[in-house]
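Undergrad: First the structure, which I've put down as structure tokens, then a few questions once you've had a look.
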Amino acid sequence: MLALNNYLIVSAILFSIGCIGVLTKRNAIVIFMCVELMLNAVNLSFIAFSRYLGNLDGQIFVFFVMTVAAAEAAVGLALMIAFYKNRESIDVEDINVMKL
Amino acid sequence: METIAIPAINLAAIMPEVILSVVAMVLLLVNVFVPSENKGYLAYLSIIGLAITAASTVSGWGAPQIGFGGAVMEDNFAIFFKVVLLFAAGLAILISDRYMSQEGCNSGEFYPLMLFATVGMMFMASGTDMMVIFLGLELLSICLYVLAGYNRDSVKSNEAGLKYFLLGAFSTGFLLYGMCLTYGATGSTKLAAIANYAIQNQAVASNPFFVIGMLLIAVGFSFKVAAAPFHMWTPDVYQGAPTPVTAFMSAGPKAAAFAAFLRTMIFAFPMLKGNWTELLWVLAVLTMTVGNVIALSQDNVKRMLAYSSIAHAGYALVGFTACNAEGAAGILFYMLSYTFMNIGAFAVVVLIGKKGEKNGNVQDLAGLGFKRPLLAVLLSVFLFSLAGIPPTAGFIGKFYLFSAAIKSGYIGLAIIGVLNSAASVYYYLRVMVYMYFKEPQEDYEWAGVTPAVALCLVIALVSTLVLGVVPGTVLELAQKAVQF
């Protein structure tokens, strides 16, 4: 049986990878995948805490997070398609019409 | 493992949300049968729905309802904010039809999306469980991503939607991680239970999970209220989104995020009050300064109003930092008056806008004072109010926020606020200089005022002036609303 801390460390590492990915990657889809990684890192923490505390609130929260992430994915990909239709690119460097 | 006890359901606590959700779903169905040239009717139906919801909301004043095992609380605080949010949604919908038919993207889904976003905001205002606040926030955000990118053929709108989506989802990650760590430290997602746990276990105040959790939650909400240094998305999204959506975004979601932010910090983290007021002090100063300084050099009116909205979030944060009854009441009052004056200004922007928002710069307003004197006067009143010049609502609001800061001993903060407010007069007056002291460069194409836009302008104007001249009643209501 692994201790709570092991799960939390893995979760923190995943969250950091996601966060760094969002800040460094250029492709909008990869950025979105990194955001999903962050959310799943949080889910892992929630479940680890829930198990450790013997309290189901955390696991219920995870269900909601997954649902929300799915809805977000649908909307996000649709927005990317709309952007791609007009610009033929999903590189975030091309999100630049309104620069100062 | 424990079993899940079904909590006591109290539908009265979520009645306004239920009503509005039903209205939005009915509108989705009705939309199918409305021919595309008559989508404006949906706007009127939404207004009726919002009015019914408002009536149901207001009827609960003074009789707090707690529902779903303490996950939602319909108290005066929530009711006051919900009225602000319903006004924001209603006024924005009133100016939508004119804009959407001009831009040729008048498909009827716009109105249900606005209503669903409003439902999300209302849950943020009444949620007392982190789960409810999170769900409300996401319901709001997902609708807003779509609304920001609503004009599919415009690259600007696409960019606004995509940018808002990427940064919004990113900030959600932080908020969620903060909630998770707080849950881990205290064993509950309910705000009241978190505070109780902290009182019974004083050691939790030095628990890194608890402190970092609070900080991450603050960061997540700072993104949503567009506080510097988490404001980078605001100018581009506000500029690119369809103007009615920008009007809505600058007033409604900001108020809702402040509601949830206030509730979370005051209900769940009274133990760490010293820490978060320090953090908010820094955020308030940065937000006011960044917003005002960058707004000085903006030519595009929508972008200028975006930076001004960042600055206004900073003023509200001043009241939050003060963290006394006046400060909290000041935020409530300010959010209400900001809704009227800001949406009023955006309504004028909609009226003078040409297809494709080709004339969005302040230079394009040259001579408006002679060509369209009434519109110019209206815009001037709203801008005076935003600048905080009496006798308008903006003055009373700022006065309250800054005096709250002084009462709590933040004299430096109040001085910085007043200086910022003085600097902001420059860019608001600049618009007026163009309107009244420059020769018109072109003829204004006049598409005419529709009754809906006129109604929006009248409501905004009357409220801005009434709240500025006789603020007593509303201020009293705001003070009653913050007696938790």
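Quick note on naming: the chains in the structure tokens go A, B, ... in the order shown, residues restart at 1 in each chain, and ligands are numbered from 1 in order of appearance.
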Could you find all residues in chain A that DSSP calls helix (DSSP H, G or I) from the backbone, and write them as a PyMOL selection string?
TA: chain A and resi 4-24+28-53+57-87+92-94
Undergrad: Taking only C-alpha atoms into account, produce a table as a tab-separated table in which each residue of chain B with an atom at most 6 Å from an atom of chain A appears once, together with its shortest atom pair and the distance in Å to one decimal, ordered by chain and rising number.
TA:
residue	atom	partner	partner_atom	distance
B:Asn158	CA	A:Phe83	CA	5.2
B:Glu159	CA	A:Ile95	CA	5.9
B:Leu162	CA	A:Leu79	CA	5.8
B:Phe170	CA	A:Val35	CA	5.8
B:Gly173	CA	A:Leu39	CA	5.6
B:Tyr177	CA	A:Val42	CA	5.5
B:Cys180	CA	A:Phe46	CA	5.8
B:Gly184	CA	A:Phe49	CA	5.3
Undergrad: Find the residues near Gly394 (chain B): any atom within 12 Å, counting only C-alpha atoms, skip ones fewer than 2 places away on the same chain, and give them as a VMD selection string.
TA: chain B and resid 312 315 to 316 330 to 331 333 to 342 381 to 392 396 to 401 421 463 to 469 471
Undergrad: One decimal, in Å: what's the spacing between CA of Ala481 (chain B) and CA of Leu305 (chain B)?
TA: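 According to the coordinates, CA of Ala481 (chain B) and CA of Leu305 (chain B) are separated by 29.0 Å.
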Undergrad: Taking the DSSP secondary structure from the backbone, can you list the residues of region 49-296 of chain B that are strand (DSSP E), as a list of chain:residue names?
TA: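 Everything in region 49-296 of chain B that counts as strand (DSSP E) is B:Gln65, B:Ile66, B:Gly67, B:Val72, B:Met73, B:Glu74.
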Undergrad: Give me a file of those residues, with N, CA, C and O atoms, as a PDB file, in the first residue's frame.
TA:
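File produced: selection39.pdb:
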ATOM      1  N   GLN B  65     -32.569  30.706   2.409  1.00  0.00           N
ATOM      2  CA  GLN B  65     -32.897  29.303   2.192  1.00  0.00           C
ATOM      3  C   GLN B  65     -31.596  28.534   2.054  1.00  0.00           C
ATOM      4  O   GLN B  65     -30.706  28.958   1.341  1.00  0.00           O
ATOM      5  N   ILE B  66     -31.524  27.404   2.726  1.00  0.00           N
ATOM      6  CA  ILE B  66     -30.348  26.558   2.579  1.00  0.00           C
ATOM      7  C   ILE B  66     -30.803  25.256   1.961  1.00  0.00           C
ATOM      8  O   ILE B  66     -31.799  24.673   2.401  1.00  0.00           O
ATOM      9  N   GLY B  67     -30.111  24.832   0.915  1.00  0.00           N
ATOM     10  CA  GLY B  67     -30.549  23.622   0.232  1.00  0.00           C
ATOM     11  C   GLY B  67     -29.421  22.640   0.020  1.00  0.00           C
ATOM     12  O   GLY B  67     -28.247  22.990   0.105  1.00  0.00           O
ATOM     13  N   VAL B  72     -25.929  24.929  -1.328  1.00  0.00           N
ATOM     14  CA  VAL B  72     -26.327  26.242  -1.857  1.00  0.00           C
ATOM     15  C   VAL B  72     -27.035  27.026  -0.763  1.00  0.00           C
ATOM     16  O   VAL B  72     -27.718  26.464   0.083  1.00  0.00           O
ATOM     17  N   MET B  73     -26.829  28.315  -0.780  1.00  0.00           N
ATOM     18  CA  MET B  73     -27.460  29.160   0.217  1.00  0.00           C
ATOM     19  C   MET B  73     -27.984  30.398  -0.490  1.00  0.00           C
ATOM     20  O   MET B  73     -27.239  31.179  -1.063  1.00  0.00           O
ATOM     21  N   GLU B  74     -29.296  30.536  -0.459  1.00  0.00           N
ATOM     22  CA  GLU B  74     -29.938  31.664  -1.115  1.00  0.00           C
ATOM     23  C   GLU B  74     -30.158  32.754  -0.054  1.00  0.00           C
ATOM     24  O   GLU B  74     -31.246  32.917   0.458  1.00  0.00           O
TER      25      GLU B  74
END
Undergrad: Skipping near chain neighbours, those fewer than 3 positions away, what residues fall within 8 Å of Ile47 (chain B) using only C-alpha atoms, listed as a list in words?
TA: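 Skipping anything fewer than 3 positions along the chain leaves Ala43, Tyr44, Leu50, Ala51, Gly90, Ile93 and Leu94 of chain B.
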Undergrad: Find the residues near region 215-229 of chain B: any atom within 7 Å, counting only C-alpha atoms, skip ones fewer than 3 places away on the same chain, and give them as a PyMOL selection string.
TA: chain B and resi 171-172+174-175+177-179+211-212+234+254+257-258+261+283+286-287+290+310+313-314
Undergrad: Selection from above, N, CA and C atoms, as a compact mmCIF listing (two decimals), in the first residue's frame, can you write it?
TA:
# COMPACT_ATOMS: atom_id res chain seq x y z
N SER B 171 -6.69 28.37 -16.28
CA SER B 171 -6.92 28.93 -14.95
C SER B 171 -7.82 28.01 -14.12
N THR B 172 -8.74 27.31 -14.81
CA THR B 172 -9.58 26.35 -14.10
C THR B 172 -8.72 25.30 -13.40
N PHE B 174 -5.82 25.64 -12.08
CA PHE B 174 -5.29 26.17 -10.81
C PHE B 174 -6.36 26.21 -9.74
N LEU B 175 -7.53 26.71 -10.13
CA LEU B 175 -8.62 26.80 -9.16
C LEU B 175 -8.93 25.43 -8.58
N TYR B 177 -7.01 22.75 -8.50
CA TYR B 177 -5.93 22.22 -7.67
C TYR B 177 -6.01 22.85 -6.27
N GLY B 178 -6.33 24.12 -6.24
CA GLY B 178 -6.51 24.79 -4.95
C GLY B 178 -7.64 24.16 -4.15
N MET B 179 -8.75 23.90 -4.82
CA MET B 179 -9.88 23.27 -4.13
C MET B 179 -9.49 21.89 -3.62
N VAL B 211 -2.63 26.38 3.01
CA VAL B 211 -2.19 27.72 2.57
C VAL B 211 -2.05 27.76 1.05
N ILE B 212 -1.40 26.73 0.48
CA ILE B 212 -1.23 26.72 -0.99
C ILE B 212 -2.59 26.59 -1.66
N THR B 234 -7.69 39.36 -21.15
CA THR B 234 -8.83 40.29 -21.19
C THR B 234 -8.88 41.18 -22.43
N LYS B 254 -17.74 39.05 -14.13
CA LYS B 254 -16.87 39.70 -13.15
C LYS B 254 -17.58 39.78 -11.79
N ALA B 257 -17.80 36.26 -10.37
CA ALA B 257 -16.52 35.81 -9.84
C ALA B 257 -16.22 36.51 -8.52
N PHE B 258 -16.58 37.78 -8.41
CA PHE B 258 -16.38 38.47 -7.14
C PHE B 258 -17.25 37.86 -6.05
N PHE B 261 -15.63 34.65 -5.07
CA PHE B 261 -14.33 34.97 -4.45
C PHE B 261 -14.56 35.44 -3.01
N LEU B 283 -2.48 42.63 -5.34
CA LEU B 283 -3.28 42.46 -6.57
C LEU B 283 -4.03 43.75 -6.90
N LEU B 286 -1.60 46.41 -8.29
CA LEU B 286 -1.15 46.04 -9.63
C LEU B 286 -2.28 46.19 -10.65
N THR B 287 -3.46 45.70 -10.28
CA THR B 287 -4.58 45.68 -11.22
C THR B 287 -4.98 47.09 -11.62
N VAL B 290 -1.90 48.71 -13.71
CA VAL B 290 -1.72 48.13 -15.04
C VAL B 290 -2.89 48.52 -15.94
N ILE B 310 -10.36 46.18 -16.39
CA ILE B 310 -9.32 45.64 -15.49
C ILE B 310 -9.13 46.59 -14.32
N ALA B 313 -11.87 46.30 -11.84
CA ALA B 313 -11.70 45.13 -10.96
C ALA B 313 -10.74 45.49 -9.83
N GLY B 314 -9.74 46.31 -10.15
CA GLY B 314 -8.80 46.75 -9.12
C GLY B 314 -9.47 47.57 -8.04
Undergrad: Env of Thr321 (chain B): 12 Å cut, atoms = only C-alpha atoms, seq-sep filter 5 positions within chain, self excluded. Answer as an NGL selection string.
TA: :B and (261-262 or 265-266 or 273-285 or 314-316 or 326-328 or 330-331 or 401-402 or 404-411 or 413-414)
Undergrad: If I take CA of Asp153 (chain B) and CA of Ser107 (chain B), how far is one from the other in Å, to one decimal?
TA: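 So the answer is 13.1 Å.
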Undergrad: Can you pull out every residue within 9 Å of Leu85 (chain B), counting only C-alpha atoms, but drop anything in the same chain fewer than 6 positions away, and send it as a list of chain:residue names?
TA: B:Thr118, B:Met121, B:Met122, B:Ala251, B:Gly252, B:Pro253, B:Ala255, B:Ala256, B:Leu336, B:Thr339
Undergrad: With C-alpha atoms retained, write the just-selected residues as a PDB file, in the first residue's frame.
TA:
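result-v2.pdb, written as the output of this step:
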ATOM      1  CA  THR B 118     -26.512  33.388 -16.332  1.00  0.00           C
ATOM      2  CA  MET B 121     -23.259  32.796 -12.604  1.00  0.00           C
ATOM      3  CA  MET B 122     -26.236  32.505 -10.271  1.00  0.00           C
ATOM      4  CA  ALA B 251     -20.175  43.067 -16.109  1.00  0.00           C
ATOM      5  CA  GLY B 252     -21.776  39.705 -15.348  1.00  0.00           C
ATOM      6  CA  PRO B 253     -18.990  37.158 -14.974  1.00  0.00           C
ATOM      7  CA  ALA B 255     -19.629  40.233 -10.582  1.00  0.00           C
ATOM      8  CA  ALA B 256     -20.217  36.483 -10.304  1.00  0.00           C
ATOM      9  CA  LEU B 336     -24.357  47.030  -9.746  1.00  0.00           C
ATOM     10  CA  THR B 339     -23.089  46.927 -14.833  1.00  0.00           C
TER      11      THR B 339
END
Undergrad: When you draw a straight line from CA of Gly120 (chain B) to CA of Met25 (chain B), how long is it in Å?
TA: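 These atoms are spaced 14.2 Å apart.
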